[in-house]
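Text of run-v8.cif, listed as mmCIF, C-alpha atoms:
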```
data_run
loop_
_atom_site.label_atom_id
_atom_site.label_comp_id
_atom_site.auth_asym_id
_atom_site.auth_seq_id
_atom_site.Cartn_x
_atom_site.Cartn_y
_atom_site.Cartn_z
CA MET A 1 -16.86 -14.99 9.65
CA ASP A 2 -19.71 -13.18 7.90
CA THR A 3 -18.65 -10.41 5.54
CA LEU A 4 -20.62 -7.87 7.58
CA LEU A 5 -21.51 -8.49 11.21
CA LYS A 6 -23.68 -6.04 13.14
CA THR A 7 -24.01 -6.13 16.92
CA LYS A 8 -25.54 -3.77 19.45
CA LEU A 9 -22.27 -1.87 19.77
CA ASN A 10 -20.27 -2.43 16.58
CA THR A 11 -20.40 -3.07 12.87
CA THR A 12 -17.53 -5.37 11.94
CA ALA A 13 -16.54 -6.22 8.38
CA ALA A 14 -14.13 -8.70 6.86
CA ILE A 15 -12.21 -6.52 4.41
CA ASN A 16 -10.28 -7.88 1.46
CA LEU A 17 -7.17 -5.89 0.59
CA GLU A 18 -5.59 -6.12 -2.87
CA VAL A 19 -2.41 -4.26 -3.80
CA LEU A 20 -2.84 -2.19 -6.98
CA SER A 21 0.59 -0.54 -7.03
CA PRO A 22 3.66 -1.64 -5.03
CA LEU A 23 3.17 -1.07 -1.32
CA HIS A 24 6.01 -0.50 1.14
CA VAL A 25 5.38 -0.19 4.88
CA GLY A 26 8.87 0.10 6.28
CA THR A 27 10.68 -0.44 9.53
CA ALA A 28 13.31 1.58 11.39
CA SER A 29 16.25 2.94 9.37
CA GLU A 30 18.78 1.00 11.44
CA LYS A 31 17.25 -2.22 10.09
CA LEU A 32 18.10 -1.48 6.44
CA TRP A 33 19.59 -4.38 4.50
CA LEU A 34 23.13 -3.47 3.43
CA ARG A 35 24.82 -4.85 0.32
CA ASN A 36 27.35 -7.63 1.08
CA LEU A 37 26.46 -7.54 4.77
CA ASP A 38 22.76 -8.42 4.51
CA PHE A 39 22.27 -9.20 0.83
CA PHE A 40 24.06 -10.09 -2.40
CA TYR A 41 22.97 -9.39 -5.96
CA LYS A 42 23.88 -12.04 -8.53
CA LYS A 43 22.36 -13.07 -11.85
CA GLU A 44 19.38 -10.69 -11.59
CA THR A 45 18.52 -12.03 -8.13
CA VAL A 46 18.69 -10.48 -4.67
CA PHE A 47 19.76 -12.97 -1.98
CA ILE A 48 18.89 -11.94 1.59
CA LEU A 49 21.26 -13.54 4.10
CA ASP A 50 19.98 -15.38 7.16
CA LYS A 51 22.51 -14.37 9.83
CA THR A 52 21.53 -17.22 12.16
CA LYS A 53 22.09 -19.83 9.44
CA LEU A 54 25.33 -18.16 8.39
CA ILE A 55 26.84 -18.11 11.89
CA LYS A 56 25.79 -21.70 12.45
CA GLU A 57 27.42 -22.70 9.16
CA LEU A 58 30.65 -20.84 9.98
CA SER A 59 30.99 -22.36 13.44
CA GLY A 60 33.65 -25.05 13.43
CA LEU A 61 34.84 -24.22 9.91
CA GLN A 62 38.23 -22.89 8.88
CA ASN A 63 39.12 -20.78 5.88
CA SER A 64 41.97 -21.55 3.45
CA ASN A 65 44.47 -19.99 5.88
CA SER A 66 43.43 -22.42 8.63
CA GLN A 67 41.81 -19.60 10.60
CA SER A 68 38.53 -19.88 12.45
CA ALA A 69 35.92 -19.04 9.83
CA LEU A 70 33.67 -17.35 12.37
CA GLY A 71 36.53 -15.26 13.75
CA ALA A 72 37.65 -14.27 10.25
CA TYR A 73 34.08 -13.28 9.37
CA GLN A 74 33.84 -11.08 12.45
CA SER A 75 37.18 -9.48 11.57
CA ILE A 76 35.95 -8.60 8.09
CA ILE A 77 32.85 -6.92 9.55
CA ALA A 78 34.93 -5.06 12.16
CA SER A 79 37.27 -3.76 9.45
CA GLY A 80 34.32 -2.46 7.40
CA LYS A 81 35.48 -4.36 4.32
CA VAL A 82 32.12 -6.06 3.80
CA TRP A 83 32.68 -6.34 0.04
CA LYS A 84 35.03 -9.24 0.89
CA ILE A 85 32.29 -11.36 2.49
CA GLU A 86 31.05 -13.05 -0.68
CA GLU A 87 34.58 -14.06 -1.69
CA PHE A 88 35.22 -15.17 1.90
CA LEU A 89 32.17 -17.47 1.86
CA ASP A 90 33.39 -19.02 -1.40
CA ASP A 91 36.78 -19.53 0.24
CA CYS A 92 35.06 -21.36 3.12
CA GLY A 93 33.15 -23.56 0.66
CA ILE A 94 29.74 -22.15 1.67
CA ASP A 95 27.06 -22.02 -1.01
CA ILE A 96 25.12 -18.76 -0.60
CA LYS A 97 21.83 -20.54 -1.24
CA THR A 98 22.29 -22.57 1.96
CA VAL A 99 22.40 -19.45 4.16
CA ILE A 100 19.68 -17.22 2.72
CA LEU A 101 16.43 -16.04 4.19
CA ASN A 102 14.79 -15.16 0.86
CA GLU A 103 15.69 -14.65 -2.76
CA TYR A 104 13.93 -12.19 -5.05
CA PRO A 105 14.18 -11.76 -8.82
CA LEU A 106 15.18 -8.21 -9.77
CA LYS A 107 16.14 -7.37 -13.35
CA ASN A 108 17.94 -4.11 -12.57
CA GLU A 109 20.63 -3.81 -9.93
CA PRO A 110 19.44 -2.50 -6.54
CA ALA A 111 20.90 0.34 -4.50
CA ASN A 112 23.47 -0.41 -1.80
CA GLU A 113 20.68 -0.39 0.80
CA ILE A 114 17.28 -2.09 0.69
CA ARG A 115 14.40 -0.96 2.88
CA PRO A 116 12.74 -4.06 4.39
CA LEU A 117 9.07 -4.37 5.24
CA ILE A 118 7.88 -4.32 8.82
CA ARG A 119 7.68 -7.79 10.37
CA THR A 120 6.30 -9.61 13.38
CA GLY A 121 8.62 -11.05 16.02
CA GLN A 122 8.47 -14.33 14.09
CA GLY A 123 9.74 -12.62 10.94
CA ASN A 124 6.45 -12.58 9.00
CA THR A 125 5.69 -9.55 6.84
CA ILE A 126 2.52 -7.66 7.76
CA ILE A 127 0.48 -4.66 6.73
CA PRO A 128 -0.09 -2.91 10.08
CA GLY A 129 -3.62 -1.88 10.92
CA SER A 130 -2.17 1.40 12.19
CA SER A 131 -0.85 2.21 8.69
CA ILE A 132 -4.24 1.60 7.08
CA LYS A 133 -5.92 3.59 9.84
CA GLY A 134 -3.47 6.46 9.37
CA ALA A 135 -4.31 6.64 5.67
CA ILE A 136 -8.04 6.59 6.46
CA ARG A 137 -7.52 9.36 9.03
CA SER A 138 -5.96 11.56 6.32
CA VAL A 139 -9.04 10.98 4.16
CA LEU A 140 -11.38 11.89 7.02
CA PHE A 141 -9.35 15.00 7.82
CA HIS A 142 -9.86 16.15 4.22
CA HIS A 143 -13.61 15.55 4.53
CA LEU A 144 -14.01 17.31 7.87
CA TYR A 145 -11.83 20.26 6.91
CA ASN A 146 -13.84 20.94 3.77
CA LEU A 147 -17.10 20.69 5.71
CA HIS A 148 -16.20 22.94 8.62
CA ASN A 149 -13.28 25.11 7.44
CA PRO A 150 -11.73 25.66 10.91
CA GLN A 151 -9.95 28.99 11.34
CA ASN A 152 -7.35 28.01 13.94
CA GLU A 153 -4.90 25.78 12.07
CA ARG A 154 -2.72 25.30 15.17
CA LYS A 155 -5.44 23.27 16.89
CA VAL A 156 -7.14 21.97 13.77
CA ASP A 157 -6.73 18.28 14.71
CA ASP A 158 -8.41 18.76 18.10
CA THR A 159 -11.13 20.86 16.49
CA LEU A 160 -12.01 18.31 13.82
CA PHE A 161 -11.35 14.97 15.52
CA GLY A 162 -11.67 15.81 19.21
CA LYS A 163 -9.05 15.38 21.90
CA ILE A 164 -7.47 12.06 22.87
CA GLY A 165 -10.19 11.13 25.36
CA ASN A 166 -13.04 11.55 22.87
CA ASN A 167 -11.45 11.27 19.43
CA ILE A 168 -13.40 10.25 16.33
CA MET A 169 -10.71 7.73 15.37
CA SER A 170 -11.25 5.80 18.60
CA TYR A 171 -14.59 4.63 17.11
CA ILE A 172 -12.75 3.03 14.16
CA ARG A 173 -10.57 -0.01 14.75
CA LEU A 174 -8.42 -1.99 12.32
CA PHE A 175 -6.24 -5.03 12.76
CA ASP A 176 -2.84 -6.04 11.40
CA THR A 177 -2.91 -8.43 8.49
CA PRO A 178 -0.19 -10.86 7.31
CA CYS A 179 0.79 -10.76 3.66
CA SER A 180 3.55 -12.85 2.12
CA GLU A 181 3.47 -11.88 -1.58
CA THR A 182 6.57 -9.70 -1.53
CA GLY A 183 9.46 -8.78 -3.77
CA ILE A 184 12.19 -6.19 -4.24
CA ILE A 185 11.45 -3.05 -6.27
CA ASN A 186 13.55 -0.15 -7.47
CA ILE A 187 12.10 3.34 -7.08
CA GLU A 188 13.15 6.37 -9.11
CA LEU A 189 12.65 10.01 -8.18
CA PHE A 190 10.55 11.95 -10.68
CA ASN A 191 11.52 15.58 -10.12
CA LEU A 192 11.21 19.04 -11.68
CA TYR A 193 14.10 21.17 -12.89
CA HIS A 194 14.04 24.78 -14.03
CA GLU A 195 14.95 24.65 -17.70
CA HIS A 196 14.39 27.07 -20.60
CA GLY A 197 12.44 29.54 -18.49
CA ASP A 198 10.02 27.01 -16.95
CA TRP A 199 9.91 23.82 -14.92
CA GLN A 200 10.34 20.50 -16.69
CA SER A 201 10.33 16.93 -15.42
CA ALA A 202 13.06 14.29 -15.45
CA TYR A 203 14.23 11.45 -13.26
CA LYS A 204 16.96 12.38 -10.81
CA ASN A 205 20.20 11.08 -12.27
CA GLY A 206 21.92 8.43 -10.17
CA PHE A 207 19.12 8.33 -7.58
CA ILE A 208 17.47 5.03 -6.78
CA ILE A 209 15.73 3.59 -3.73
CA SER A 210 15.40 -0.17 -3.37
CA ALA A 211 12.72 -1.60 -1.12
CA GLU A 212 10.99 -4.79 -0.19
CA ALA A 213 7.35 -4.34 -1.11
CA PHE A 214 4.01 -6.06 -1.38
CA LEU A 215 3.67 -6.61 -5.12
CA VAL A 216 0.79 -5.83 -7.46
CA GLY A 217 -1.91 -8.45 -6.99
CA ALA A 218 -0.87 -9.35 -3.43
CA ALA A 219 -4.01 -9.99 -1.40
CA THR A 220 -4.97 -10.44 2.22
CA ASN A 221 -7.84 -9.61 4.56
CA PHE A 222 -8.35 -7.90 7.88
CA ARG A 223 -11.13 -6.87 10.25
CA LEU A 224 -12.53 -3.36 10.33
CA THR A 225 -14.80 -2.32 13.18
CA VAL A 226 -16.85 0.86 13.47
CA ALA A 227 -18.48 1.44 16.87
CA ASP A 228 -21.71 2.93 15.50
CA GLY A 229 -23.89 1.19 18.09
CA LEU A 230 -21.63 2.28 20.95
CA LEU A 231 -21.91 5.84 19.68
CA GLU A 232 -25.71 5.71 19.96
CA VAL A 233 -25.44 4.39 23.52
CA ILE A 234 -23.05 7.18 24.50
CA LYS A 235 -25.29 9.79 22.87
CA LYS A 236 -28.25 8.68 24.97
CA GLU A 237 -26.15 8.71 28.12
CA GLU A 238 -24.79 12.15 27.31
CA LYS A 239 -28.32 13.46 26.77
CA ARG A 240 -29.45 12.02 30.13
CA LEU A 241 -26.52 13.49 32.01
CA LYS A 242 -27.02 16.91 30.44
CA LYS A 243 -30.70 16.84 31.36
CA ASP A 244 -29.80 16.13 34.99
CA ASN A 245 -27.06 18.80 34.93
CA GLN A 246 -24.44 16.14 35.65
CA LEU A 247 -22.28 16.84 32.61
CA LYS A 248 -20.03 19.87 32.23
CA ARG A 249 -18.55 18.96 28.81
CA ASP A 250 -19.40 16.85 25.76
CA ILE A 251 -18.27 13.24 25.90
CA ILE A 252 -18.45 12.54 22.17
CA PRO A 253 -16.54 14.32 19.36
CA GLU A 254 -18.40 17.28 17.91
CA TYR A 255 -18.26 16.18 14.27
CA ILE A 256 -18.58 12.42 14.62
CA ASP A 257 -21.95 12.33 12.84
CA ASP A 258 -20.11 13.44 9.71
CA ILE A 259 -18.09 10.22 9.82
CA VAL A 260 -20.07 7.46 11.56
CA LYS A 261 -23.46 6.60 10.09
CA ARG A 262 -25.57 4.14 12.05
CA GLY A 263 -26.72 1.23 9.89
CA ARG A 264 -24.28 1.81 7.02
CA ALA A 265 -21.04 2.57 8.85
CA ILE A 266 -18.68 0.63 6.57
CA GLU A 267 -20.35 1.61 3.31
CA TYR A 268 -20.31 5.29 4.25
CA LEU A 269 -16.62 5.08 5.19
CA PHE A 270 -15.91 3.53 1.78
CA ASP A 271 -17.86 6.36 0.10
CA LEU A 272 -15.74 8.99 1.85
CA ILE A 273 -12.53 7.23 0.84
CA ASN A 274 -13.60 7.01 -2.81
CA GLN A 275 -14.64 10.68 -2.91
CA TYR A 276 -11.25 11.70 -1.58
CA THR A 277 -9.29 9.36 -3.87
CA ARG A 278 -11.01 10.72 -6.98
CA ILE A 279 -10.06 14.27 -5.98
CA HIS A 280 -6.50 13.29 -5.12
CA ILE A 281 -5.98 11.36 -8.36
CA ASP A 282 -7.42 14.18 -10.52
CA ARG A 283 -4.92 16.58 -8.95
CA GLU A 284 -2.03 14.18 -9.53
CA ILE A 285 -3.08 13.61 -13.14
CA ALA A 286 -3.11 17.39 -13.68
CA PHE A 287 0.40 17.58 -12.19
CA PHE A 288 1.80 14.93 -14.54
CA ALA A 289 -0.07 16.36 -17.55
CA LYS A 290 1.54 19.76 -16.85
CA PHE A 291 5.05 18.37 -16.36
CA ASN A 292 5.06 15.57 -18.92
CA GLN A 293 8.63 15.70 -20.24
CA ALA A 294 9.98 12.65 -18.35
CA GLU A 295 9.71 9.12 -19.73
CA ASP A 296 6.61 6.99 -19.05
CA VAL A 297 4.42 9.90 -17.91
CA GLN A 298 1.63 8.71 -20.22
CA PHE A 299 1.67 5.33 -18.46
CA ILE A 300 1.66 6.92 -15.01
CA ILE A 301 -1.43 8.90 -16.00
CA GLN A 302 -3.02 5.82 -17.57
CA ASN A 303 -2.58 3.84 -14.34
CA LEU A 304 -3.97 6.69 -12.28
CA GLU A 305 -7.04 6.73 -14.52
CA THR A 306 -7.42 2.97 -13.93
CA TYR A 307 -7.32 3.41 -10.14
CA LYS A 308 -9.82 6.27 -10.36
CA ALA A 309 -12.26 4.17 -12.41
CA LEU A 310 -12.30 1.57 -9.63
CA THR A 311 -13.66 4.16 -7.15
CA SER A 312 -17.04 3.94 -8.90
CA GLU A 313 -17.55 0.28 -8.04
CA LYS A 314 -19.92 -0.53 -5.17
CA LYS A 315 -18.78 -2.25 -1.97
CA GLN A 316 -15.16 -1.30 -2.53
CA CYS A 317 -12.88 1.68 -2.21
CA ILE A 318 -9.42 2.72 -3.40
CA LEU A 319 -7.05 3.97 -0.73
CA ARG A 320 -3.54 5.38 -1.04
CA MET A 321 -1.22 4.68 1.86
CA ALA A 322 2.30 4.34 3.25
CA PHE A 323 5.69 5.04 1.64
CA GLY A 324 5.67 7.24 -1.47
CA SER A 325 2.31 8.88 -0.76
CA GLY A 326 4.01 12.27 -0.73
CA PHE A 327 3.09 15.46 1.08
CA HIS A 328 -0.38 15.77 -0.43
CA GLY A 329 -1.32 12.15 0.27
CA ILE A 330 0.06 11.98 3.80
CA THR A 331 -1.61 15.22 4.92
CA GLY A 332 -5.02 14.44 3.44
CA ASP A 333 -4.60 16.77 0.44
CA TRP A 334 -6.48 19.64 2.09
CA ARG A 335 -4.15 22.59 1.63
CA PHE A 336 -3.69 22.85 -2.14
CA LYS A 337 -6.45 22.19 -4.67
CA ASP A 338 -3.85 22.43 -7.44
CA HIS A 339 -0.73 20.26 -7.07
CA THR A 340 1.20 22.50 -9.47
CA ARG A 341 0.69 25.61 -7.34
CA THR A 342 3.67 25.27 -5.00
CA VAL A 343 6.05 24.67 -7.90
CA TYR A 344 5.65 28.35 -8.78
CA SER A 345 4.69 29.71 -5.33
CA PRO A 346 6.49 27.65 -2.64
CA ASP A 347 4.76 26.76 0.60
CA ARG A 348 6.04 29.26 3.18
CA LYS A 349 4.43 27.33 6.02
CA ASN A 350 6.80 24.41 5.52
CA ASN A 351 10.56 24.62 4.91
CA THR A 352 12.55 21.71 3.48
CA TRP A 353 16.28 21.12 3.05
CA ASN A 354 17.75 22.03 -0.33
CA MET A 355 20.87 19.93 -0.99
CA ARG A 356 22.05 22.24 -3.77
CA THR A 357 21.99 25.47 -1.74
CA ARG A 358 22.60 23.72 1.59
CA SER A 359 19.84 25.68 3.27
CA ARG A 360 16.21 25.39 4.28
CA GLU A 361 13.73 26.81 1.81
CA PRO A 362 9.94 26.93 1.37
CA ALA A 363 8.73 23.58 0.02
CA ARG A 364 7.66 23.08 -3.59
CA TYR A 365 6.41 19.44 -3.42
CA LYS A 366 7.69 18.82 -6.94
CA SER A 367 9.01 15.26 -6.67
CA ARG A 368 7.23 11.91 -6.93
CA LYS A 369 8.45 8.35 -6.25
CA ILE A 370 7.89 6.17 -9.31
CA THR A 371 8.29 2.41 -9.58
CA GLY A 372 8.17 0.27 -12.71
CA PHE A 373 8.81 0.99 -16.38
CA ASP A 374 6.64 1.48 -19.46
CA ILE A 375 3.10 0.25 -18.84
CA ASP A 376 3.96 -0.66 -15.24
CA ALA A 377 5.20 2.85 -14.31
CA SER A 378 3.15 3.98 -11.33
CA LEU A 379 2.90 5.95 -8.15
CA MET A 380 3.11 3.78 -5.04
CA GLY A 381 0.70 2.67 -2.37
CA PHE A 382 -2.70 2.24 -4.02
CA VAL A 383 -4.78 -0.59 -2.54
CA LYS A 384 -8.32 -1.81 -3.10
CA LEU A 385 -10.46 -2.53 -0.03
CA SER A 386 -13.61 -4.53 -0.63
CA LEU A 387 -16.32 -6.32 1.34
#
```

Transcribe the structure of this file into structure tokens.
Amino acid sequence: MDTLLKTKLNTTAAINLEVLSPLHVGTASEKLWLRNLDFFYKKETVFILDKTKLIKELSGLQNSNSQSALGAYQSIIASGKVWKIEEFLDDCGIDIKTVILNEYPLKNEPANEIRPLIRTGQGNTIIPGSSIKGAIRSVLFHHLYNLHNPQNERKVDDTLFGKIGNNIMSYIRLFDTPCSETGIINIELFNLYHEHGDWQSAYKNGFIISAEAFLVGAATNFRLTVADGLLEVIKKEEKRLKKDNQLKRDIIPEYIDDIVKRGRAIEYLFDLINQYTRIHIDREIAFFAKFNQAEDVQFIIQNLETYKALTSEKKQCILRMAFGSGFHGITGDWRFKDHTRTVYSPDRKNNTWNMRTRSREPARYKSRKITGFDIDASLMGFVKLSL
């Protein structure tokens, strides 16, 4: 397929995606991998059990007490004593490596739960097109909001993007993409604590999230389509209908010309993403520079500077997406030009649960999810899209 294909109705591009910082696009919480039930950790390696292989292996076997191995296994699970499973498999003479789905090197011990990536029905890991599109939508929201400054925040989405039947995002289509370069990562919570009369940063003691993720350097490609030609066709039809008094309302979104540019649809979209990412990264750098007491902050800033520098390259853009993007990233970073502001003046439009006081309080947005150590310490979810 050509890198860029233009037709009468669409511009379609083959987009290369490269992971710059670990990327996690998760599945439902009930599908978490649980220690001893779904995975074991031995010798700096995480072993993910294949339940189908395990049950097949247990069928027909007996344990040392001459009991049905499968029945004994089910009894252990029913009793909730899953920490006995590894010893039980040894007792049955089953080598763990014969009943695993995957094994991942991991130097530091994981949490008791691991968040798996989203998969197809065949078990293949994918980066969903909907996740990429959602991140792009946040970027476009930022752009449109700054251009038009809508006054009614309750209906701001409809105002900027249009309603479901004529929404700007319906002119942009992305496709799921398989990616198999995965591993297990540990994520720490960088947080702020009020010490010595001001806020200072540290990692939350005893807090760790473990997740399956697409690792740095993982690469894949997907198709991106912008219906710039279709937009021109609809515009002409709308003009004709209005002239003949056959149209009572607009049939295209009001601000779509701010997003879709005929003839350079993909390049312009990349430009908007890079503009947003530079702003977002500058605000995050200022946050870490202000609260720099925690370990590895200098490396976090250094990596952010590296991602920012890549936004100046032609025919590519840097996008932040998925798990760990935080409030500012998920919402399109339109509400607060200074990421340190809510630390001192909490956001009274959004209450969050405070575990310490056991009550809901105005949000401060003072935590960040960090993965890696030393030079690898980084925020999550940065990817490079290129033609």

Sorted per-residue table, region 167-269 of chain A near region 147-158 of chain A, closest atoms and distance, 10 Å, all atoms listed in the file, as JSON lines:
```
{"residue": "A:Asn167", "atom": "CA", "partner": "A:Asp158", "partner_atom": "CA", "distance": 8.2}
{"residue": "A:Pro253", "atom": "CA", "partner": "A:Asp158", "partner_atom": "CA", "distance": 9.3}
{"residue": "A:Tyr255", "atom": "CA", "partner": "A:His148", "partner_atom": "CA", "distance": 9.0}
{"residue": "A:Asp258", "atom": "CA", "partner": "A:Leu147", "partner_atom": "CA", "distance": 8.8}
```

Exercise for the section: Enumerate, as a VMD selection string, the residues matched when the PyMOL selection byres ((chain A and resi 110) around 10) is run on the file above. Expected result: chain A and resid 35 40 to 41 44 to 46 106 to 109 111 to 114 184 to 187 208 to 211

Handout entry: Within 8 Å of file point (-15.4, 14.3, 25.8), counting only C-alpha atoms, expressed as an MDAnalysis selection string
Key = chainID A and resid 162:163 165:166 249:253

Starting from the displayed file, determine the output of the PyMOL selection byres ((chain A and resi 317-329) around 6) and express the residue list as a PDB file with C-alpha atoms, keeping the file's coordinate frame.
```
ATOM      1  CA  HIS A  24       6.010  -0.500   1.140  1.00  0.00           C
ATOM      2  CA  VAL A  25       5.380  -0.190   4.880  1.00  0.00           C
ATOM      3  CA  ALA A 135      -4.310   6.640   5.670  1.00  0.00           C
ATOM      4  CA  PHE A 270     -15.910   3.530   1.780  1.00  0.00           C
ATOM      5  CA  ASN A 274     -13.600   7.010  -2.810  1.00  0.00           C
ATOM      6  CA  THR A 311     -13.660   4.160  -7.150  1.00  0.00           C
ATOM      7  CA  GLN A 316     -15.160  -1.300  -2.530  1.00  0.00           C
ATOM      8  CA  ILE A 330       0.060  11.980   3.800  1.00  0.00           C
ATOM      9  CA  THR A 331      -1.610  15.220   4.920  1.00  0.00           C
ATOM     10  CA  GLY A 332      -5.020  14.440   3.440  1.00  0.00           C
ATOM     11  CA  ASP A 333      -4.600  16.770   0.440  1.00  0.00           C
ATOM     12  CA  LYS A 369       8.450   8.350  -6.250  1.00  0.00           C
ATOM     13  CA  MET A 380       3.110   3.780  -5.040  1.00  0.00           C
ATOM     14  CA  GLY A 381       0.700   2.670  -2.370  1.00  0.00           C
ATOM     15  CA  PHE A 382      -2.700   2.240  -4.020  1.00  0.00           C
ATOM     16  CA  VAL A 383      -4.780  -0.590  -2.540  1.00  0.00           C
ATOM     17  CA  LYS A 384      -8.320  -1.810  -3.100  1.00  0.00           C
ATOM     18  CA  LEU A 385     -10.460  -2.530  -0.030  1.00  0.00           C
TER      19      LEU A 385
END
```

Problem - Near-Cys92 (chain A) list (12 Å; all atoms listed in the file; drop same-chain fewer than 2 positions) as a list in words - result: Leu54, Glu57, Leu58, Ser59, Gly60, Leu61, Gln62, Asn63, Ser64, Asn65, Ser66, Gln67, Ser68, Ala69, Leu70, Ala72, Tyr73, Ile85, Glu86, Glu87, Phe88, Leu89, Asp90, Ile94, Asp95 and Ile96 of chain A

Problem - Option closest in space to Glu254 (chain A), from A:Lys235, A:Arg240, A:Lys349, A:Arg360 [counting all atoms listed in the file] - result: A:Lys235

Practice task
Might you spell out which residues the PyMOL selection byres ((chain A and resi 225-231) around 7) would select in the displayed file, as a list in words?
Solution key: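 When the PyMOL selection byres ((chain A and resi 225-231) around 7) is applied, the selected residues are Lys8, Leu9, Asn10, Thr11, Thr12, Ala13, Tyr171, Ile172, Arg173, Leu174, Arg223, Leu224, Glu232, Val233, Ile234, Lys235, Val260, Lys261, Arg262 and Ala265 of chain A.
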
I need the chosen residues saved as a compact mmCIF listing (two decimals), in the coordinates of the input, with C-alpha atoms.
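Contents of result16.txt, freshly written:
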```
# COMPACT_ATOMS: atom_id res chain seq x y z
CA LYS A 8 -25.54 -3.77 19.45
CA LEU A 9 -22.27 -1.87 19.77
CA ASN A 10 -20.27 -2.43 16.58
CA THR A 11 -20.40 -3.07 12.87
CA THR A 12 -17.53 -5.37 11.94
CA ALA A 13 -16.54 -6.22 8.38
CA TYR A 171 -14.59 4.63 17.11
CA ILE A 172 -12.75 3.03 14.16
CA ARG A 173 -10.57 -0.01 14.75
CA LEU A 174 -8.42 -1.99 12.32
CA ARG A 223 -11.13 -6.87 10.25
CA LEU A 224 -12.53 -3.36 10.33
CA GLU A 232 -25.71 5.71 19.96
CA VAL A 233 -25.44 4.39 23.52
CA ILE A 234 -23.05 7.18 24.50
CA LYS A 235 -25.29 9.79 22.87
CA VAL A 260 -20.07 7.46 11.56
CA LYS A 261 -23.46 6.60 10.09
CA ARG A 262 -25.57 4.14 12.05
CA ALA A 265 -21.04 2.57 8.85
```

Exercise for the section: Kindly provide, as a ChimeraX atom specification, the polymer residues lying within 12 Å of (5.8, 24.1, -5.0), counting only C-alpha atoms and using the coordinates exactly as they appear in the file. Expected result: /A:191-193,199,287,327-328,336,338-352,361-367

Handout entry: Given all atoms listed in the file as the counted atoms, nearest of A:Val99, A:Ile300, A:Ile15, A:Leu140 to Asp176 (chain A)
Key =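 The closest residue to Asp176 (chain A) is A:Ile15.
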
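CA of Gly26 (chain A) lies 13.2 Å from CA of Ile132 (chain A).
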
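Nearest to Ser312 (chain A) of all the residues A:Val19, A:Ala294, A:Leu272, A:Ala202 is A:Leu272, based on all atoms listed in the file.
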
Practice task
Between CA of Asn354 (chain A) and CA of His194 (chain A), measure the distance and give it in Å to one decimal.
Solution key: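 Calculated distance between CA of Asn354 (chain A) and CA of His194 (chain A) is 14.5 Å.
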
Handout entry: Distance criterion (all atoms listed in the file): nearest to Phe373 (chain A) out of A:Asp271, A:Glu188, A:Phe207, A:Gln246
Key =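 Of all the options, A:Glu188 lies closest to Phe373 (chain A).
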
Practice task
Work out how far apart CA of Arg137 (chain A) and CA of Arg335 (chain A) are and give it in Å to one decimal.
Solution key: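 A separation of 15.5 Å between them.
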
Practice task
Name the closest residue to Tyr145 (chain A) among the candidates A:Thr306, A:Thr159, A:Thr371, A:Asn36; distances are taken between atoms, counting only C-alpha atoms.
Solution key: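 Counting only C-alpha atoms, the residue closest to Tyr145 (chain A) is A:Thr159.
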
Practice task
Between A:Gly206, A:Pro22, A:Gly121, A:Gly80, single out the one closest to Leu37 (chain A), counting only C-alpha atoms.
Solution key: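 Using only C-alpha atoms, the shortest distance to Leu37 (chain A) belongs to A:Gly80.
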
Could you write region 276-285 of chain A as a PDB file, in the coordinates of the input, with N, CA and C atoms rebuilt where they are missing?
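rebuild_25.pdb was written with the following content:
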```pdb
ATOM      1  N   TYR A 276     -12.571  11.102  -1.751  1.00  0.00           N
ATOM      2  CA  TYR A 276     -11.250  11.700  -1.580  1.00  0.00           C
ATOM      3  C   TYR A 276     -10.280  11.222  -2.657  1.00  0.00           C
ATOM      4  N   THR A 277     -10.253   9.921  -2.918  1.00  0.00           N
ATOM      5  CA  THR A 277      -9.290   9.360  -3.870  1.00  0.00           C
ATOM      6  C   THR A 277      -9.498   9.930  -5.260  1.00  0.00           C
ATOM      7  N   ARG A 278     -10.752  10.119  -5.662  1.00  0.00           N
ATOM      8  CA  ARG A 278     -11.010  10.720  -6.980  1.00  0.00           C
ATOM      9  C   ARG A 278     -10.422  12.128  -7.065  1.00  0.00           C
ATOM     10  N   ILE A 279     -10.616  12.905  -6.004  1.00  0.00           N
ATOM     11  CA  ILE A 279     -10.060  14.270  -5.980  1.00  0.00           C
ATOM     12  C   ILE A 279      -8.544  14.232  -6.027  1.00  0.00           C
ATOM     13  N   HIS A 280      -7.955  13.389  -5.195  1.00  0.00           N
ATOM     14  CA  HIS A 280      -6.500  13.290  -5.120  1.00  0.00           C
ATOM     15  C   HIS A 280      -5.899  12.852  -6.462  1.00  0.00           C
ATOM     16  N   ILE A 281      -6.497  11.853  -7.081  1.00  0.00           N
ATOM     17  CA  ILE A 281      -5.980  11.360  -8.360  1.00  0.00           C
ATOM     18  C   ILE A 281      -6.121  12.413  -9.453  1.00  0.00           C
ATOM     19  N   ASP A 282      -7.242  13.125  -9.508  1.00  0.00           N
ATOM     20  CA  ASP A 282      -7.420  14.180 -10.520  1.00  0.00           C
ATOM     21  C   ASP A 282      -6.318  15.232 -10.396  1.00  0.00           C
ATOM     22  N   ARG A 283      -5.960  15.578  -9.166  1.00  0.00           N
ATOM     23  CA  ARG A 283      -4.920  16.580  -8.950  1.00  0.00           C
ATOM     24  C   ARG A 283      -3.548  16.055  -9.361  1.00  0.00           C
ATOM     25  N   GLU A 284      -3.297  14.766  -9.111  1.00  0.00           N
ATOM     26  CA  GLU A 284      -2.030  14.180  -9.530  1.00  0.00           C
ATOM     27  C   GLU A 284      -1.958  14.057 -11.050  1.00  0.00           C
ATOM     28  N   ILE A 285      -3.064  13.691 -11.677  1.00  0.00           N
ATOM     29  CA  ILE A 285      -3.080  13.610 -13.140  1.00  0.00           C
ATOM     30  C   ILE A 285      -2.780  14.983 -13.740  1.00  0.00           C
TER      31      ILE A 285
END
```
